[in-house]
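protein.pdb follows (PDB, C-alpha atoms and all ligand atoms):
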```pdb
ATOM      1  CA  MET S  19      39.810 -54.069 -42.794
ATOM      2  CA  SER S  20      37.625 -56.800 -44.221
ATOM      3  CA  ARG S  21      36.201 -59.582 -42.081
ATOM      4  CA  THR S  22      35.686 -63.100 -43.335
ATOM      5  CA  PRO S  23      32.106 -64.224 -42.649
ATOM      6  CA  LEU S  24      31.804 -67.246 -40.361
ATOM      7  CA  PRO S  25      31.004 -70.467 -42.211
ATOM      8  CA  TYR S  26      27.350 -70.828 -41.210
ATOM      9  CA  SER S  27      25.246 -73.318 -43.125
ATOM     10  CA  GLN S  28      22.324 -72.063 -45.202
ATOM     11  CA  LYS S  29      19.955 -73.861 -42.833
ATOM     12  CA  LEU S  30      21.313 -72.093 -39.769
ATOM     13  CA  LEU S  31      21.164 -68.753 -41.551
ATOM     14  CA  ASP S  32      17.516 -69.431 -42.481
ATOM     15  CA  TYR S  33      16.633 -70.094 -38.838
ATOM     16  CA  PHE S  34      18.516 -66.949 -37.835
ATOM     17  CA  ARG S  35      16.890 -64.740 -40.464
ATOM     18  CA  HIS S  36      13.401 -66.171 -40.006
ATOM     19  CA  PRO S  37      13.345 -67.349 -36.398
ATOM     20  CA  LYS S  38      10.530 -69.665 -35.373
ATOM     21  CA  ASN S  39       8.736 -69.278 -32.047
ATOM     22  CA  GLN S  40      10.485 -66.073 -31.129
ATOM     23  CA  GLY S  41       9.225 -63.658 -28.485
ATOM     24  CA  PRO S  42       7.867 -63.720 -24.957
ATOM     25  CA  MET S  43       4.858 -65.849 -24.070
ATOM     26  CA  GLU S  44       1.887 -64.764 -21.967
ATOM     27  CA  GLY S  45       0.905 -67.233 -19.280
ATOM     28  CA  ALA S  46       3.999 -69.430 -19.609
ATOM     29  CA  ASP S  47       4.321 -72.137 -16.946
ATOM     30  CA  VAL S  48       8.113 -71.829 -16.866
ATOM     31  CA  VAL S  49      10.423 -68.987 -17.787
ATOM     32  CA  ALA S  50      14.147 -69.768 -17.644
ATOM     33  CA  LYS S  51      17.072 -67.534 -18.514
ATOM     34  CA  ALA S  52      20.678 -68.404 -19.172
ATOM     35  CA  GLY S  53      23.686 -66.286 -19.975
ATOM     36  CA  SER S  54      24.360 -62.873 -18.660
ATOM     37  CA  PRO S  55      23.033 -59.418 -19.429
ATOM     38  CA  ALA S  56      26.551 -58.157 -18.646
ATOM     39  CA  CYS S  57      27.999 -59.627 -21.853
ATOM     40  CA  GLY S  58      24.791 -59.469 -23.832
ATOM     41  CA  ASP S  59      24.634 -63.207 -24.554
ATOM     42  CA  MET S  60      21.336 -63.871 -22.923
ATOM     43  CA  ILE S  61      18.606 -66.336 -23.762
ATOM     44  CA  THR S  62      15.180 -66.947 -22.254
ATOM     45  CA  PHE S  63      12.853 -69.872 -22.873
ATOM     46  CA  TYR S  64       9.113 -69.762 -22.203
ATOM     47  CA  LEU S  65       7.268 -73.045 -21.880
ATOM     48  CA  LYS S  66       3.712 -74.170 -21.463
ATOM     49  CA  ILE S  67       3.544 -77.705 -20.166
ATOM     50  CA  ALA S  68       0.557 -80.037 -20.298
ATOM     51  CA  ASP S  69       0.517 -83.751 -19.411
ATOM     52  CA  GLY S  70       4.318 -83.849 -19.228
ATOM     53  CA  LYS S  71       4.636 -82.484 -22.763
ATOM     54  CA  ILE S  72       5.746 -79.158 -24.180
ATOM     55  CA  ALA S  73       2.475 -77.675 -25.365
ATOM     56  CA  ALA S  74       4.069 -74.372 -26.407
ATOM     57  CA  ILE S  75       7.568 -72.950 -26.429
ATOM     58  CA  SER S  76       9.152 -69.679 -27.433
ATOM     59  CA  PHE S  77      12.463 -67.943 -26.894
ATOM     60  CA  GLU S  78      14.090 -64.540 -26.732
ATOM     61  CA  SER S  79      17.790 -64.243 -27.470
ATOM     62  CA  TYR S  80      20.273 -61.426 -27.194
ATOM     63  CA  GLY S  81      22.993 -63.740 -28.471
ATOM     64  CA  CYS S  82      24.552 -64.049 -31.891
ATOM     65  CA  ALA S  83      23.263 -65.603 -35.125
ATOM     66  CA  ALA S  84      24.343 -69.069 -33.965
ATOM     67  CA  ASN S  85      22.474 -68.707 -30.698
ATOM     68  CA  ILE S  86      19.305 -67.414 -32.360
ATOM     69  CA  GLY S  87      19.489 -70.069 -35.085
ATOM     70  CA  THR S  88      20.062 -72.985 -32.707
ATOM     71  CA  ALA S  89      17.437 -71.794 -30.207
ATOM     72  CA  SER S  90      14.920 -71.335 -32.992
ATOM     73  CA  TYR S  91      15.597 -74.804 -34.352
ATOM     74  CA  LEU S  92      15.475 -76.265 -30.832
ATOM     75  CA  THR S  93      11.976 -74.884 -30.250
ATOM     76  CA  GLU S  94      10.714 -76.669 -33.363
ATOM     77  CA  MET S  95      12.517 -79.839 -32.398
ATOM     78  CA  VAL S  96      10.969 -80.130 -28.925
ATOM     79  CA  MET S  97       7.491 -78.718 -29.565
ATOM     80  CA  GLY S  98       4.922 -81.361 -28.577
ATOM     81  CA  LYS S  99       7.617 -83.650 -27.134
ATOM     82  CA  THR S 100       7.673 -85.043 -23.628
ATOM     83  CA  LEU S 101       9.974 -83.261 -21.197
ATOM     84  CA  ARG S 102      12.147 -86.355 -21.161
ATOM     85  CA  GLU S 103      12.538 -86.261 -24.958
ATOM     86  CA  ALA S 104      13.238 -82.526 -24.835
ATOM     87  CA  TRP S 105      15.883 -83.099 -22.169
ATOM     88  CA  GLN S 106      17.711 -85.454 -24.540
ATOM     89  CA  ALA S 107      18.216 -82.805 -27.222
ATOM     90  CA  SER S 108      21.956 -82.167 -27.242
ATOM     91  CA  TRP S 109      23.907 -79.255 -28.661
ATOM     92  CA  LYS S 110      25.816 -81.737 -30.833
ATOM     93  CA  GLN S 111      22.578 -82.946 -32.395
ATOM     94  CA  LEU S 112      21.497 -79.344 -32.983
ATOM     95  CA  SER S 113      24.819 -78.567 -34.581
ATOM     96  CA  ASP S 114      24.720 -81.679 -36.801
ATOM     97  CA  ASP S 115      21.115 -81.038 -37.872
ATOM     98  CA  LEU S 116      22.008 -77.477 -38.778
ATOM     99  CA  GLY S 117      24.978 -78.479 -40.901
ATOM    100  CA  GLY S 118      27.624 -77.848 -38.233
ATOM    101  CA  LEU S 119      28.618 -74.789 -36.228
ATOM    102  CA  PRO S 120      31.939 -72.997 -36.518
ATOM    103  CA  LYS S 121      34.138 -74.022 -33.540
ATOM    104  CA  VAL S 122      34.073 -70.562 -32.002
ATOM    105  CA  LYS S 123      30.275 -70.796 -31.958
ATOM    106  CA  PHE S 124      29.883 -74.133 -30.195
ATOM    107  CA  HIS S 125      29.124 -72.357 -26.924
ATOM    108  CA  CYS S 126      26.159 -70.556 -28.516
ATOM    109  CA  GLY S 127      24.370 -73.867 -29.159
ATOM    110  CA  ILE S 128      25.460 -75.130 -25.732
ATOM    111  CA  LEU S 129      23.897 -72.039 -24.152
ATOM    112  CA  ALA S 130      20.571 -72.710 -25.920
ATOM    113  CA  VAL S 131      20.412 -76.329 -24.720
ATOM    114  CA  GLY S 132      21.600 -75.348 -21.223
ATOM    115  CA  ALA S 133      18.763 -72.825 -20.979
ATOM    116  CA  LEU S 134      16.151 -75.366 -22.056
ATOM    117  CA  ARG S 135      17.411 -77.894 -19.500
ATOM    118  CA  ARG S 136      17.290 -75.191 -16.840
ATOM    119  CA  ALA S 137      13.635 -74.612 -17.745
ATOM    120  CA  ILE S 138      12.921 -78.336 -17.379
ATOM    121  CA  ARG S 139      14.704 -78.441 -14.008
ATOM    122  CA  ASP S 140      12.766 -75.366 -12.860
ATOM    123  CA  HIS S 141       9.523 -77.045 -13.834
ATOM    124  CA  TYR S 142      10.268 -80.093 -11.701
ATOM    125  CA  ALA S 143      11.549 -77.932  -8.834
ATOM    126  CA  ALA S 144       8.109 -76.333  -8.783
ATOM    127  CA  HIS S 145       6.264 -79.615  -9.402
ATOM    128  CA  PRO S 146       8.135 -82.433  -7.654
ATOM    129  CA  PRO S 147       9.016 -85.212  -7.692
ATOM    130  CA  VAL S 148      12.004 -84.777  -9.978
ATOM    131  CA  PRO S 149      12.105 -87.830 -12.303
ATOM    132  CA  ASP S 150      15.150 -90.069 -12.127
ATOM    133  CA  TRP S 151      16.202 -89.216 -15.725
ATOM    134  CA  VAL S 152      17.072 -85.689 -14.536
ATOM    135  CA  PRO S 153      20.676 -86.051 -13.308
ATOM    136  CA  SER S 154      21.495 -84.540  -9.931
ATOM    137  CA  GLU S 155      24.683 -82.976 -11.354
ATOM    138  CA  PRO S 156      24.524 -80.379 -14.134
ATOM    139  CA  THR S 157      25.077 -81.754 -17.641
ATOM    140  CA  GLU S 158      27.820 -80.433 -19.942
ATOM    141  CA  GLU S 159      25.370 -78.041 -21.590
ATOM    142  CA  GLU S 160      24.224 -76.684 -18.233
ATOM    143  CA  LYS S 161      27.834 -76.310 -17.100
ATOM    144  CA  GLY S 162      28.514 -74.414 -20.322
ATOM    145  CA  ALA S 163      25.722 -71.963 -19.495
ATOM    146  CA  LEU S 164      26.998 -71.610 -15.918
ATOM    147  CA  GLU S 165      30.545 -70.973 -17.131
ATOM    148  CA  GLU S 166      29.296 -68.142 -19.351
ATOM    149  CA  GLU S 167      27.513 -66.624 -16.388
ATOM    150  CA  GLU S 168      30.548 -66.950 -14.107
ATOM    151  CA  MET S 169      32.811 -65.479 -16.761
ATOM    152  CA  ALA S 170      30.470 -62.532 -17.253
ATOM    153  CA  GLU S 171      30.340 -61.960 -13.487
ATOM    154  CA  LYS S 172      34.130 -61.937 -13.289
ATOM    155  CA  ILE S 173      34.340 -59.419 -16.122
ATOM    156  CA  GLU S 174      31.782 -57.228 -14.421
ATOM    157  CA  VAL S 175      33.631 -57.343 -11.083
ATOM    158  CA  LYS S 176      36.875 -56.524 -12.884
ATOM    159  CA  LEU S 177      35.291 -53.603 -14.708
ATOM    160  CA  HIS S 178      33.949 -52.180 -11.469
ATOM    161  CA  LYS S 179      37.401 -52.404  -9.881
ATOM    162  CA  GLU S 180      39.070 -50.465 -12.684
TER     163      GLU S 180
HETATM  164 FE1  LIG E   1      27.590 -65.439 -27.433
HETATM  165 FE2  LIG E   1      26.962 -66.570 -29.733
HETATM  166  S1  LIG E   1      25.727 -66.408 -27.973
HETATM  167  S2  LIG E   1      28.743 -65.410 -29.284
END
```
Please re-express this file's structure in structure tokens.
Ligand code: FES
Amino acid sequence: MSRTPLPYSQKLLDYFRHPKNQGPMEGADVVAKAGSPACGDMITFYLKIADGKIAAISFESYGCAANIGTASYLTEMVMGKTLREAWQASWKQLSDDLGGLPKVKFHCGILAVGALRRAIRDHYAAHPPVPDWVPSEPTEEEKGALEEEEMAEKIEVKLHKE
């Protein structure tokens, strides 16, 4: 049986095949994970923060090409930016910049942005006060990451019952 390749743009494929800022970081100020090891779609961001700016960022992903490509692009996009600017990066912007994601892969970009926002929240949880531009409720991207985690938990519980 042949499978039709997903319509990824050349740009996304380039970021997937030659990921930027990939790998763990020694001495990171914040390490934030999103996704679930149970389903394998797992992403971690490592950040060094200086004067409210992202001085260094890297990621590790066990997700698909879309997740690796969007996360890789996201690291370049927010490097050197203030945390507020980095917070504003949306999955839609990532998708548009990368020439669009196939519909079934929207959640992969959402997971990348959700993980970065979690890292920013974690930073302010450790170094209050939390600025007023950080909403008290989770954003759509963060909810997307949470939904993946909840879904994976449900699958795991179900598997253990069978
Ligand atoms: Fe799960 Fe892309 S990260 S399918």
Original post:
So how many Å separate atom FE2 of ligand LIG 1 (chain E) and atom CA of Glu171 of chain S, to one decimal?
Top reply: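 Those two atoms sit 17.2 Å apart.
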All residues 9 Å or closer to Gly70 of chain S, all atoms listed in the file, same chain fewer than 3 positions away omitted, as an mmCIF file with C-alpha atoms, keeping the file's coordinate frame:
```cif
data_model
loop_
_atom_site.group_PDB
_atom_site.id
_atom_site.type_symbol
_atom_site.label_atom_id
_atom_site.label_comp_id
_atom_site.auth_asym_id
_atom_site.auth_seq_id
_atom_site.Cartn_x
_atom_site.Cartn_y
_atom_site.Cartn_z
ATOM 1 C CA ILE S 67 3.544 -77.705 -20.166
ATOM 2 C CA ALA S 73 2.475 -77.675 -25.365
ATOM 3 C CA LYS S 99 7.617 -83.650 -27.134
ATOM 4 C CA THR S 100 7.673 -85.043 -23.628
ATOM 5 C CA LEU S 101 9.974 -83.261 -21.197
ATOM 6 C CA ARG S 102 12.147 -86.355 -21.161
#
```
Original post:
Using only C-alpha atoms and all ligand atoms, which residue out of S:Arg21, S:His178, S:Lys121, S:Lys66 lies closest to ligand LIG 1 (chain E)?
Top reply: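 Distance minimum relative to ligand LIG 1 (chain E) lands on S:Lys121.
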So that I can see what lies close to Pro153 of chain S, please list as a PDB file with C-alpha atoms, in the coordinates of the input the residues with an atom at most 12 Å from it, counting all atoms listed in the file and leaving out residues fewer than 3 positions away in the same chain.
```
ATOM      1  CA  ARG S 102      12.147 -86.355 -21.161  1.00  0.00           C
ATOM      2  CA  TRP S 105      15.883 -83.099 -22.169  1.00  0.00           C
ATOM      3  CA  GLN S 106      17.711 -85.454 -24.540  1.00  0.00           C
ATOM      4  CA  ARG S 135      17.411 -77.894 -19.500  1.00  0.00           C
ATOM      5  CA  ARG S 136      17.290 -75.191 -16.840  1.00  0.00           C
ATOM      6  CA  ILE S 138      12.921 -78.336 -17.379  1.00  0.00           C
ATOM      7  CA  ARG S 139      14.704 -78.441 -14.008  1.00  0.00           C
ATOM      8  CA  VAL S 148      12.004 -84.777  -9.978  1.00  0.00           C
ATOM      9  CA  PRO S 149      12.105 -87.830 -12.303  1.00  0.00           C
ATOM     10  CA  ASP S 150      15.150 -90.069 -12.127  1.00  0.00           C
ATOM     11  CA  PRO S 156      24.524 -80.379 -14.134  1.00  0.00           C
ATOM     12  CA  THR S 157      25.077 -81.754 -17.641  1.00  0.00           C
ATOM     13  CA  GLU S 158      27.820 -80.433 -19.942  1.00  0.00           C
ATOM     14  CA  GLU S 160      24.224 -76.684 -18.233  1.00  0.00           C
TER      15      GLU S 160
END
```
**OP:** Would you list the residues that come within 6 Å of ligand LIG 1 (chain E)? Count all atoms listed in the file and give the answer as an MDAnalysis selection string.
**Re:** chainID S and resid 59 81:82 84:85 123 126
Original post:
What lies within 6 Å of Phe77 of chain S using all atoms listed in the file, ignoring chain neighbours under 6 positions off, as a list of chain:residue names?
Top reply: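 The residues that qualify are S:Gln40, S:Gly41, S:Thr62, S:Phe63.
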Original post:
Restricting the calculation to only C-alpha atoms, which member of S:Leu177, S:Leu134, S:Ala68, S:Leu129 is positioned closest to Leu164 of chain S?
Top reply: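 Distance minimum relative to Leu164 of chain S lands on S:Leu129.
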Subject >> Within 12 Å of segment 23-35 of chain S using only C-alpha atoms, minus same-chain residues under 6 positions, as a ChimeraX atom specification >> reply: /S:79,81-94,112-124,127
Could those selected residues go to a file with C-alpha atoms, as a tab-separated table (two decimals), in the frame of the given file?
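Done, and the output landed in result_34.tsv:
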```tsv
chain	number	residue	atom	x	y	z
S	79	SER	CA	17.79	-64.24	-27.47
S	81	GLY	CA	22.99	-63.74	-28.47
S	82	CYS	CA	24.55	-64.05	-31.89
S	83	ALA	CA	23.26	-65.60	-35.12
S	84	ALA	CA	24.34	-69.07	-33.97
S	85	ASN	CA	22.47	-68.71	-30.70
S	86	ILE	CA	19.30	-67.41	-32.36
S	87	GLY	CA	19.49	-70.07	-35.08
S	88	THR	CA	20.06	-72.98	-32.71
S	89	ALA	CA	17.44	-71.79	-30.21
S	90	SER	CA	14.92	-71.33	-32.99
S	91	TYR	CA	15.60	-74.80	-34.35
S	92	LEU	CA	15.48	-76.26	-30.83
S	93	THR	CA	11.98	-74.88	-30.25
S	94	GLU	CA	10.71	-76.67	-33.36
S	112	LEU	CA	21.50	-79.34	-32.98
S	113	SER	CA	24.82	-78.57	-34.58
S	114	ASP	CA	24.72	-81.68	-36.80
S	115	ASP	CA	21.12	-81.04	-37.87
S	116	LEU	CA	22.01	-77.48	-38.78
S	117	GLY	CA	24.98	-78.48	-40.90
S	118	GLY	CA	27.62	-77.85	-38.23
S	119	LEU	CA	28.62	-74.79	-36.23
S	120	PRO	CA	31.94	-73.00	-36.52
S	121	LYS	CA	34.14	-74.02	-33.54
S	122	VAL	CA	34.07	-70.56	-32.00
S	123	LYS	CA	30.28	-70.80	-31.96
S	124	PHE	CA	29.88	-74.13	-30.20
S	127	GLY	CA	24.37	-73.87	-29.16
```
Subject >> Straight-line distance linking atom CA of Asp140 of chain S with atom CA of Val49 of chain S, stated in Å to one decimal >> reply: 8.4 Å
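For the residues S:Pro146, S:Met169, S:Ile72, S:Lys176, ranking by smallest atom-to-atom distance to Gly98 of chain S using all atoms listed in the file places S:Ile72 first.
Straight-line separation from atom CA of Glu155 of chain S to atom CA of Ile61 of chain S: 21.6 Å.
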Taking all atoms of segment 151-162 of chain S that the file lists and extending 5 Å past them on each side, where is the centre of the axis-aligned box and how long are its edges? Answer in Å to one decimal, as AutoDock Vina command-line options.
```
--center_x 22.4 --center_y -81.8 --center_z -15.8 --size_x 22.3 --size_y 24.8 --size_z 21.7
```
Original post:
Using only C-alpha atoms, which residue out of S:Ile128, S:Ala133, S:Ala144, S:Ala52 lies closest to Gly162 of chain S?
Top reply: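 Of S:Ile128, S:Ala133, S:Ala144, S:Ala52, the one nearest Gly162 of chain S is S:Ile128, counting only C-alpha atoms.
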